$ cat data.cif   # mmCIF, C-alpha atoms and all ligand atoms
data_run
#
loop_
_atom_site.label_atom_id
_atom_site.label_comp_id
_atom_site.auth_asym_id
_atom_site.auth_seq_id
_atom_site.Cartn_x
_atom_site.Cartn_y
_atom_site.Cartn_z
CA MET A 184 70.32 201.38 -85.67
CA THR A 185 69.25 200.58 -89.23
CA ALA A 186 65.58 199.97 -89.93
CA PRO A 187 64.54 196.49 -91.11
CA LYS A 188 64.30 196.12 -94.89
CA ALA A 189 60.87 197.26 -95.98
CA LEU A 190 58.24 194.96 -97.45
CA VAL A 191 55.57 196.13 -99.87
CA ALA A 192 52.90 193.42 -99.92
CA GLY A 193 49.83 193.16 -102.13
CA ASN A 194 46.68 191.51 -100.79
CA TRP A 195 44.54 190.71 -103.79
CA LYS A 196 41.60 189.62 -101.59
CA MET A 197 38.87 187.88 -103.66
CA ASN A 198 40.11 189.27 -106.96
CA GLY A 199 41.91 187.75 -109.92
CA LEU A 200 41.45 185.08 -112.55
CA LYS A 201 43.99 183.06 -114.52
CA ALA A 202 44.51 185.96 -116.93
CA SER A 203 45.73 188.10 -114.01
CA ALA A 204 49.04 186.25 -114.16
CA SER A 205 50.02 188.85 -116.76
CA GLU A 206 50.06 191.50 -113.98
CA LEU A 207 52.55 189.44 -111.99
CA SER A 208 54.76 189.02 -115.06
CA LYS A 209 54.55 192.74 -115.74
CA LEU A 210 55.44 193.58 -112.14
CA ASN A 211 58.39 191.22 -112.22
CA THR A 212 59.67 192.86 -115.42
CA LEU A 213 59.20 196.38 -114.00
CA ILE A 214 61.29 195.46 -110.97
CA GLN A 215 63.85 193.71 -113.17
CA GLU A 216 64.26 196.81 -115.31
CA LYS A 217 63.83 199.64 -112.78
CA GLY A 218 64.74 197.98 -109.48
CA ALA A 219 63.12 197.82 -106.04
CA LYS A 220 64.66 198.97 -102.76
CA CYS A 221 62.16 196.90 -100.75
CA ASP A 222 61.02 193.29 -100.66
CA VAL A 223 57.91 192.67 -102.76
CA LEU A 224 55.12 190.17 -102.10
CA ILE A 225 51.81 189.33 -103.77
CA CYS A 226 49.13 187.32 -101.95
CA PRO A 227 46.64 186.21 -104.60
CA PRO A 228 43.57 184.10 -103.87
CA TYR A 229 44.32 180.41 -103.23
CA THR A 230 43.14 179.54 -106.74
CA LEU A 231 46.03 181.46 -108.30
CA ILE A 232 48.88 180.54 -105.96
CA ASN A 233 50.09 177.60 -107.98
CA THR A 234 49.95 179.54 -111.25
CA PHE A 235 51.79 182.47 -109.71
CA VAL A 236 54.51 180.38 -108.10
CA SER A 237 54.98 178.48 -111.36
CA LEU A 238 55.66 181.76 -113.17
CA ASN A 239 58.92 181.85 -111.24
CA ALA A 240 58.87 185.64 -110.94
CA LYS A 241 62.21 186.06 -109.16
CA ASN A 242 61.55 189.61 -107.91
CA VAL A 243 58.20 188.90 -106.27
CA SER A 244 57.46 186.50 -103.40
CA ILE A 245 54.10 184.77 -103.34
CA GLY A 246 52.00 184.33 -100.23
CA ALA A 247 48.50 183.42 -99.05
CA GLN A 248 45.75 185.47 -97.44
CA ASP A 249 44.82 183.06 -94.66
CA CYS A 250 45.32 179.51 -93.42
CA HIS A 251 43.56 177.09 -91.10
CA MET A 252 45.03 176.62 -87.64
CA ASN A 253 45.22 172.83 -88.13
CA MET A 254 47.49 171.07 -90.61
CA SER A 255 44.93 168.60 -91.96
CA GLY A 256 41.62 166.99 -91.14
CA ALA A 257 37.88 167.33 -91.49
CA HIS A 258 37.63 171.05 -92.31
CA THR A 259 35.70 171.27 -95.57
CA GLY A 260 36.78 174.14 -97.76
CA ASP A 261 39.73 175.16 -95.60
CA ILE A 262 43.40 175.27 -96.56
CA SER A 263 46.29 174.49 -94.21
CA ALA A 264 49.59 176.29 -93.82
CA GLU A 265 51.35 173.09 -94.84
CA MET A 266 49.42 172.99 -98.13
CA ILE A 267 50.31 176.63 -98.79
CA CYS A 268 53.97 176.05 -98.00
CA ASP A 269 53.94 172.95 -100.21
CA LEU A 270 53.15 175.25 -103.15
CA GLY A 271 56.21 177.37 -102.42
CA CYS A 272 54.75 180.29 -100.45
CA GLU A 273 56.84 182.08 -97.86
CA TYR A 274 54.25 184.36 -96.28
CA ILE A 275 50.73 183.91 -94.91
CA ILE A 276 48.47 186.80 -93.88
CA VAL A 277 46.45 186.02 -90.74
CA GLY A 278 43.81 188.00 -88.88
CA HIS A 279 42.91 190.42 -91.65
CA SER A 280 40.03 192.60 -90.42
CA GLU A 281 37.80 191.20 -93.17
CA ARG A 282 38.36 187.70 -91.77
CA ARG A 283 37.96 188.89 -88.18
CA ALA A 284 34.63 190.50 -89.20
CA ASP A 285 33.30 188.04 -91.83
CA HIS A 286 34.42 184.83 -90.11
CA GLY A 287 34.40 185.85 -86.46
CA GLU A 288 38.12 185.27 -85.99
CA SER A 289 39.22 186.11 -82.45
CA ASN A 290 42.73 187.04 -81.35
CA GLU A 291 43.12 183.46 -80.09
CA ILE A 292 42.25 182.02 -83.50
CA VAL A 293 44.58 184.49 -85.21
CA LYS A 294 47.37 183.50 -82.84
CA ALA A 295 46.82 179.79 -83.58
CA LYS A 296 46.93 180.52 -87.31
CA ALA A 297 50.18 182.46 -86.87
CA VAL A 298 51.68 179.47 -85.03
CA ALA A 299 50.52 177.19 -87.88
CA ALA A 300 52.16 179.45 -90.47
CA GLN A 301 55.41 179.69 -88.51
CA SER A 302 55.54 175.96 -87.86
CA VAL A 303 55.84 175.24 -91.58
CA GLY A 304 58.53 177.87 -92.06
CA ALA A 305 56.35 180.70 -93.36
CA THR A 306 56.29 184.28 -92.11
CA ALA A 307 52.95 185.20 -90.53
CA ILE A 308 51.69 188.69 -91.40
CA ILE A 309 49.45 189.39 -88.41
CA CYS A 310 46.87 192.13 -89.03
CA VAL A 311 45.45 194.48 -86.41
CA GLY A 312 43.46 197.70 -86.53
CA GLU A 313 40.67 199.69 -84.93
CA THR A 314 37.20 200.51 -86.27
CA ILE A 315 36.05 204.09 -86.79
CA GLU A 316 33.89 203.90 -83.66
CA GLN A 317 36.89 202.81 -81.60
CA ARG A 318 39.06 205.61 -83.04
CA GLU A 319 36.41 208.23 -82.40
CA ALA A 320 36.04 206.98 -78.84
CA GLY A 321 39.78 207.52 -78.32
CA GLN A 322 40.41 203.76 -78.03
CA ALA A 323 42.65 203.18 -81.07
CA LEU A 324 45.90 202.65 -79.17
CA GLN A 325 44.31 200.43 -76.58
CA VAL A 326 42.47 198.30 -79.16
CA VAL A 327 45.52 197.85 -81.38
CA THR A 328 47.97 197.06 -78.58
CA THR A 329 45.50 194.58 -77.07
CA GLN A 330 45.15 192.86 -80.47
CA VAL A 331 48.93 192.77 -80.91
CA LYS A 332 49.52 191.30 -77.45
CA ALA A 333 46.81 188.65 -77.87
CA SER A 334 47.43 187.73 -81.53
CA ILE A 335 51.21 187.30 -81.51
CA PRO A 336 52.50 183.92 -80.38
CA ASP A 337 55.54 183.54 -78.10
CA SER A 338 57.30 181.95 -81.07
CA ALA A 339 57.51 185.31 -82.88
CA LYS A 340 60.91 186.17 -84.36
CA VAL A 341 62.14 188.68 -86.93
CA GLU A 342 62.21 185.92 -89.58
CA ASN A 343 58.71 184.57 -88.99
CA THR A 344 56.53 187.50 -87.95
CA ILE A 345 55.35 190.78 -89.45
CA ILE A 346 52.65 193.03 -88.01
CA ALA A 347 50.30 194.95 -90.30
CA TYR A 348 48.44 197.91 -88.83
CA GLU A 349 45.32 198.43 -90.91
CA PRO A 350 42.73 200.81 -89.49
CA VAL A 351 39.44 199.19 -90.56
CA TRP A 352 38.01 202.57 -91.57
CA ALA A 353 40.91 203.23 -93.93
CA ILE A 354 40.53 199.98 -95.89
CA GLY A 355 39.12 200.55 -99.36
CA THR A 356 37.77 203.98 -98.45
CA GLY A 357 40.39 206.39 -99.77
CA HIS A 358 40.74 207.76 -96.22
CA THR A 359 44.03 207.47 -94.39
CA PRO A 360 45.08 208.47 -90.88
CA THR A 361 47.33 211.49 -90.48
CA THR A 362 51.02 210.68 -90.45
CA GLY A 363 50.96 211.69 -86.78
CA ASP A 364 48.29 209.09 -86.02
CA VAL A 365 50.17 206.41 -87.98
CA GLU A 366 53.36 207.24 -86.09
CA GLU A 367 51.59 207.08 -82.74
CA VAL A 368 50.10 203.63 -83.41
CA HIS A 369 53.28 202.19 -84.93
CA GLN A 370 55.29 203.46 -81.95
CA ALA A 371 52.82 201.82 -79.57
CA VAL A 372 53.10 198.53 -81.50
CA ARG A 373 56.90 198.82 -81.47
CA ASP A 374 56.87 199.37 -77.70
CA VAL A 375 54.78 196.22 -77.18
CA LEU A 376 57.11 194.21 -79.43
CA GLN A 377 60.25 195.51 -77.74
CA SER A 378 59.05 194.92 -74.24
CA ARG A 379 58.00 191.34 -75.09
CA PHE A 380 60.73 190.27 -77.53
CA GLY A 381 63.68 192.57 -76.78
CA ASP A 382 66.09 192.94 -79.71
CA ALA A 383 63.83 190.95 -82.04
CA GLY A 384 61.01 193.32 -81.17
CA ARG A 385 63.08 196.21 -82.47
CA ASN A 386 63.37 194.57 -85.88
CA ILE A 387 60.04 192.85 -86.49
CA ARG A 388 58.55 194.70 -89.44
CA ILE A 389 55.40 196.76 -88.91
CA LEU A 390 53.49 197.47 -92.13
CA TYR A 391 50.84 200.12 -92.63
CA GLY A 392 47.73 199.22 -94.68
CA GLY A 393 44.59 201.07 -95.71
CA SER A 394 44.16 203.08 -98.92
CA VAL A 395 47.88 203.11 -99.72
CA LYS A 396 48.47 204.27 -103.29
CA ALA A 397 51.32 205.68 -105.32
CA SER A 398 50.33 209.26 -104.48
CA ASN A 399 50.47 208.83 -100.68
CA ALA A 400 53.05 206.04 -100.37
CA LEU A 401 56.09 208.24 -99.89
CA GLU A 402 54.42 210.22 -97.09
CA LEU A 403 53.10 207.13 -95.29
CA MET A 404 56.18 204.97 -95.79
CA SER A 405 58.45 207.73 -94.46
CA VAL A 406 56.80 207.63 -91.03
CA LYS A 407 59.00 206.28 -88.22
CA ASN A 408 58.45 202.56 -87.56
CA VAL A 409 56.56 202.06 -90.82
CA ASN A 410 58.50 199.22 -92.42
CA GLY A 411 56.40 198.75 -95.50
CA ALA A 412 52.84 198.57 -96.76
CA LEU A 413 50.01 196.06 -97.06
CA VAL A 414 48.11 197.13 -100.15
CA GLY A 415 44.70 196.04 -101.41
CA GLY A 416 43.16 197.75 -104.43
CA ALA A 417 46.34 199.42 -105.65
CA SER A 418 48.18 196.08 -105.78
CA LEU A 419 46.00 194.59 -108.53
CA LYS A 420 47.64 196.44 -111.41
CA ALA A 421 51.39 196.18 -111.84
CA ASP A 422 51.84 199.85 -112.74
CA ASP A 423 49.92 201.09 -109.68
CA PHE A 424 51.72 198.69 -107.37
CA TYR A 425 55.12 199.56 -108.78
CA GLY A 426 54.29 203.22 -108.05
CA ILE A 427 54.13 202.30 -104.36
CA ILE A 428 57.26 200.14 -104.50
CA SER A 429 59.22 202.96 -106.12
CA ALA A 430 58.44 205.29 -103.19
CA TYR A 431 61.33 203.44 -101.54
CA ASP A 432 63.73 204.90 -104.13
CA LYS A 433 63.31 208.17 -102.21
CA ILE A 434 63.42 206.79 -98.65
CA GLY A 435 66.88 206.52 -97.12
P1 LIG A 501 43.11 198.90 -99.63
O1 LIG A 501 44.54 199.19 -100.00
O2 LIG A 501 42.25 198.55 -100.82
O3 LIG A 501 42.54 199.99 -98.77
O4 LIG A 501 43.11 197.57 -98.73
C1 LIG A 501 43.98 197.48 -97.66
C2 LIG A 501 43.97 196.09 -97.15
O5 LIG A 501 43.00 195.65 -96.56
C3 LIG A 501 45.14 195.25 -97.41
O6 LIG A 501 45.12 194.10 -96.65
#
$ encode --input "data.cif" --output "structure tokens" --more "lines below"
Ligand code: 13P
Amino acid sequence: MTAPKALVAGNWKMNGLKASASELSKLNTLIQEKGAKCDVLICPPYTLINTFVSLNAKNVSIGAQDCHMNMSGAHTGDISAEMICDLGCEYIIVGHSERRADHGESNEIVKAKAVAAQSVGATAIICVGETIEQREAGQALQVVTTQVKASIPDSAKVENTIIAYEPVWAIGTGHTPTTGDVEEVHQAVRDVLQSRFGDAGRNIRILYGGSVKASNALELMSVKNVNGALVGGASLKADDFYGIISAYDKIG
């Protein structure tokens, strides 16, 4: 069985101003000239989505970092999946650990956001991951599989759902799990997906995120059931991000 085509996605978080459009142009040119064996996505802050989509960078999809669970209404400051889709985005990250922590988003809320994203034709990138305390208590597998089960809607299909495993303690710290630990968690996520969604569960992409950079990308992306990366800091500069993308030149 062939693995699903990998996705290397950049989550810019709360970074980037208008001038950052030059990084997207540079990335697009790098891919144009040197190629990419994986799909490539950038999720800038909302304020840059329109600018980035308008650049028409053919080699890079544009997505959002979150959406509201409702399509419209009295929700001051929030952005709906329909609004995001209206700008031309194909992907929406939901349930990032920073949103779960900073905004108290439960699995139920994350699931509702995933449904909202899917209902407008976008692919929901559903994030899960354990804290350091949970890992040290031997609870990583249980925490992650519980999050996956409770955050994924029944409507999940290969075309509209991606899972991102991001251990909270690996985000922005320079620390990464061992490849053995990554394999163990990704296998557990795969098992949950397969038992719930059958064939589709075999092909839903599972990304790894947390301190991915060019120097560790090949090792991490080569792990079984790792179908790409969700990258924070190292996605902000085109050269750094392309270094991760090009790891796929060496992965069969
Ligand atoms: P870093 O790559 O900066 O560790 O961030 C990972 C992340 O949170 C991506 O969503």
$ closest_residue --input "data.cif" --among "A:Arg373, A:Arg388, A:Lys433, A:His358" --to "ligand LIG 501 (chain A)" --atoms "only C-alpha atoms and all ligand atoms"
A:His358
$ residues_near_ligand --input "data.cif" --ligand "ligand LIG 501 (chain A)" --cutoff "6 Å" --atoms "all atoms listed in the file" --output "list of chain:residue names"
A:Asn194, A:Ile354, A:Gly355, A:Gly392, A:Gly393, A:Ser394, A:Val395, A:Leu413, A:Val414, A:Gly415, A:Gly416, A:Ala417
$ atom_distance --input "data.cif" --atom1 "atom CA of Leu190 of chain A" --atom2 "atom CA of Arg283 of chain A"
23.1 Å
$ residues_around --input "data.cif" --residues "Ala300 of chain A" --least-positions-apart "6" --cutoff "9 Å" --atoms "all atoms listed in the file" --output "MDAnalysis selection string"
chainID A and resid 250:252 263:265 267:268 274:277 306:307 343
$ closest_residue --input "data.cif" --among "A:Ala333, A:Val372, A:Met197, A:Leu270" --to "Ala295 of chain A" --atoms "all atoms listed in the file"
A:Ala333
$ residues_around --input "data.cif" --residues "Asn408 of chain A" --least-positions-apart "5" --cutoff "8 Å" --atoms "all atoms listed in the file" --output "JSON, numbers by chain"
{"A": [186, 366, 369, 370, 373, 389]}
$ closest_residue --input "data.cif" --among "A:Thr362, A:Ser244, A:Ser237, A:Ser338" --to "Lys407 of chain A" --atoms "all atoms listed in the file"
A:Thr362
$ residues_around --input "data.cif" --residues "Trp195 of chain A" --least-positions-apart "6" --cutoff "7 Å" --atoms "all atoms listed in the file" --output "PDB file with C-alpha atoms, in the frame of the given file"
ATOM      1  CA  CYS A 226      49.130 187.320-101.950  1.00  0.00           C
ATOM      2  CA  PRO A 227      46.640 186.210-104.600  1.00  0.00           C
ATOM      3  CA  PRO A 228      43.570 184.100-103.870  1.00  0.00           C
ATOM      4  CA  GLY A 415      44.700 196.040-101.410  1.00  0.00           C
ATOM      5  CA  SER A 418      48.180 196.080-105.780  1.00  0.00           C
ATOM      6  CA  LEU A 419      46.000 194.590-108.530  1.00  0.00           C
TER       7      LEU A 419
END
$ residues_around --input "data.cif" --residues "Phe380 of chain A" --least-positions-apart "2" --cutoff "12 Å" --atoms "only C-alpha atoms" --output "VMD selection string"
chain A and resid 332 335 to 341 344 372 to 378 382 to 387
$ atom_distance --input "data.cif" --atom1 "atom CA of Asp364 of chain A" --atom2 "atom CA of Glu281 of chain A"
21.9 Å
$ residues_around --input "data.cif" --residues "Asp422 of chain A" --least-positions-apart "3" --cutoff "8 Å" --atoms "all atoms listed in the file" --output "PyMOL selection string"
chain A and resi 210+425-426
$ atom_distance --input "data.cif" --atom1 "atom CA of Lys220 of chain A" --atom2 "atom CA of Leu401 of chain A"
12.9 Å
$ closest_residue --input "data.cif" --among "A:Asp249, A:Glu402, A:Glu216, A:Glu349" --to "Ile292 of chain A" --atoms "all atoms listed in the file"
A:Asp249
$ closest_residue --input "data.cif" --among "A:Ile308, A:Ala412, A:Ala430, A:Ala202" --to "Ser398 of chain A" --atoms "all atoms listed in the file"
A:Ala430
$ residues_near_point --input "data.cif" --point "(35.0, 196.5, -94.7)" --cutoff "10 Å" --atoms "all atoms listed in the file" --output "NGL selection string"
:A and (280-282 or 284-285 or 314 or 351-356)
$ closest_residue --input "data.cif" --among "A:Gln248, A:Asn198, A:Ser289, A:Ser203" --to "Leu224 of chain A" --atoms "only C-alpha atoms"
A:Gln248
$ axis_aligned_box --input "data.cif" --around "segment 359-370 of chain A" --padding-each-side "4 Å" --output "AutoDock Vina command-line options"
--center_x 49.7 --center_y 206.9 --center_z -88.2 --size_x 19.3 --size_y 17.5 --size_z 20.4
$ decode --input "data.cif" --residues "segment 406-424 of chain A" --atoms "N, CA, C and O atoms" --output "PDB file, in the first residue's frame"
ATOM      1  N   VAL A 406       9.723   8.440   9.630  1.00  0.00           N
ATOM      2  CA  VAL A 406       9.072   7.519  10.568  1.00  0.00           C
ATOM      3  C   VAL A 406       7.759   7.016   9.955  1.00  0.00           C
ATOM      4  O   VAL A 406       7.024   7.763   9.305  1.00  0.00           O
ATOM      5  N   LYS A 407       7.484   5.734  10.178  1.00  0.00           N
ATOM      6  CA  LYS A 407       6.247   5.122   9.669  1.00  0.00           C
ATOM      7  C   LYS A 407       5.014   5.904  10.150  1.00  0.00           C
ATOM      8  O   LYS A 407       4.955   6.303  11.320  1.00  0.00           O
ATOM      9  N   ASN A 408       4.078   6.106   9.254  1.00  0.00           N
ATOM     10  CA  ASN A 408       2.830   6.821   9.554  1.00  0.00           C
ATOM     11  C   ASN A 408       3.014   8.312   9.823  1.00  0.00           C
ATOM     12  O   ASN A 408       2.094   8.965  10.323  1.00  0.00           O
ATOM     13  N   VAL A 409       4.184   8.848   9.529  1.00  0.00           N
ATOM     14  CA  VAL A 409       4.352  10.307   9.542  1.00  0.00           C
ATOM     15  C   VAL A 409       4.188  10.767   8.099  1.00  0.00           C
ATOM     16  O   VAL A 409       5.011  10.455   7.244  1.00  0.00           O
ATOM     17  N   ASN A 410       3.104  11.477   7.847  1.00  0.00           N
ATOM     18  CA  ASN A 410       2.754  11.849   6.467  1.00  0.00           C
ATOM     19  C   ASN A 410       2.964  13.326   6.209  1.00  0.00           C
ATOM     20  O   ASN A 410       2.283  13.926   5.380  1.00  0.00           O
ATOM     21  N   GLY A 411       3.905  13.904   6.943  1.00  0.00           N
ATOM     22  CA  GLY A 411       4.217  15.305   6.730  1.00  0.00           C
ATOM     23  C   GLY A 411       4.477  15.994   8.051  1.00  0.00           C
ATOM     24  O   GLY A 411       4.561  15.350   9.103  1.00  0.00           O
ATOM     25  N   ALA A 412       4.619  17.322   7.971  1.00  0.00           N
ATOM     26  CA  ALA A 412       4.997  18.105   9.150  1.00  0.00           C
ATOM     27  C   ALA A 412       4.116  19.336   9.287  1.00  0.00           C
ATOM     28  O   ALA A 412       3.654  19.894   8.290  1.00  0.00           O
ATOM     29  N   LEU A 413       3.893  19.736  10.542  1.00  0.00           N
ATOM     30  CA  LEU A 413       3.281  21.035  10.831  1.00  0.00           C
ATOM     31  C   LEU A 413       4.373  21.841  11.539  1.00  0.00           C
ATOM     32  O   LEU A 413       4.843  21.456  12.613  1.00  0.00           O
ATOM     33  N   VAL A 414       4.785  22.912  10.888  1.00  0.00           N
ATOM     34  CA  VAL A 414       6.012  23.613  11.281  1.00  0.00           C
ATOM     35  C   VAL A 414       5.689  25.030  11.729  1.00  0.00           C
ATOM     36  O   VAL A 414       4.980  25.760  11.022  1.00  0.00           O
ATOM     37  N   GLY A 415       6.213  25.426  12.881  1.00  0.00           N
ATOM     38  CA  GLY A 415       6.029  26.796  13.351  1.00  0.00           C
ATOM     39  C   GLY A 415       7.204  27.670  12.949  1.00  0.00           C
ATOM     40  O   GLY A 415       7.300  28.139  11.819  1.00  0.00           O
ATOM     41  N   GLY A 416       8.124  27.872  13.879  1.00  0.00           N
ATOM     42  CA  GLY A 416       9.228  28.819  13.685  1.00  0.00           C
ATOM     43  C   GLY A 416       9.988  28.651  12.376  1.00  0.00           C
ATOM     44  O   GLY A 416      10.310  29.646  11.701  1.00  0.00           O
ATOM     45  N   ALA A 417      10.251  27.417  12.001  1.00  0.00           N
ATOM     46  CA  ALA A 417      11.072  27.182  10.800  1.00  0.00           C
ATOM     47  C   ALA A 417      10.279  27.328   9.502  1.00  0.00           C
ATOM     48  O   ALA A 417      10.798  27.059   8.418  1.00  0.00           O
ATOM     49  N   SER A 418       9.016  27.784   9.613  1.00  0.00           N
ATOM     50  CA  SER A 418       8.251  28.012   8.379  1.00  0.00           C
ATOM     51  C   SER A 418       8.251  29.488   7.979  1.00  0.00           C
ATOM     52  O   SER A 418       7.745  29.861   6.926  1.00  0.00           O
ATOM     53  N   LEU A 419       8.805  30.335   8.847  1.00  0.00           N
ATOM     54  CA  LEU A 419       8.687  31.786   8.610  1.00  0.00           C
ATOM     55  C   LEU A 419       9.631  32.287   7.526  1.00  0.00           C
ATOM     56  O   LEU A 419       9.352  33.302   6.880  1.00  0.00           O
ATOM     57  N   LYS A 420      10.741  31.613   7.351  1.00  0.00           N
ATOM     58  CA  LYS A 420      11.710  32.004   6.321  1.00  0.00           C
ATOM     59  C   LYS A 420      11.702  30.945   5.221  1.00  0.00           C
ATOM     60  O   LYS A 420      11.815  29.740   5.506  1.00  0.00           O
ATOM     61  N   ALA A 421      11.613  31.414   3.992  1.00  0.00           N
ATOM     62  CA  ALA A 421      11.476  30.499   2.858  1.00  0.00           C
ATOM     63  C   ALA A 421      12.625  29.488   2.801  1.00  0.00           C
ATOM     64  O   ALA A 421      12.399  28.301   2.553  1.00  0.00           O
ATOM     65  N   ASP A 422      13.844  29.953   3.045  1.00  0.00           N
ATOM     66  CA  ASP A 422      14.989  29.035   2.939  1.00  0.00           C
ATOM     67  C   ASP A 422      14.908  27.920   3.982  1.00  0.00           C
ATOM     68  O   ASP A 422      15.157  26.746   3.675  1.00  0.00           O
ATOM     69  N   ASP A 423      14.569  28.292   5.210  1.00  0.00           N
ATOM     70  CA  ASP A 423      14.451  27.285   6.285  1.00  0.00           C
ATOM     71  C   ASP A 423      13.345  26.284   5.949  1.00  0.00           C
ATOM     72  O   ASP A 423      13.503  25.069   6.106  1.00  0.00           O
ATOM     73  N   PHE A 424      12.215  26.822   5.499  1.00  0.00           N
ATOM     74  CA  PHE A 424      11.054  25.964   5.240  1.00  0.00           C
ATOM     75  C   PHE A 424      11.348  25.050   4.055  1.00  0.00           C
ATOM     76  O   PHE A 424      11.008  23.858   4.093  1.00  0.00           O
TER      77      PHE A 424
END
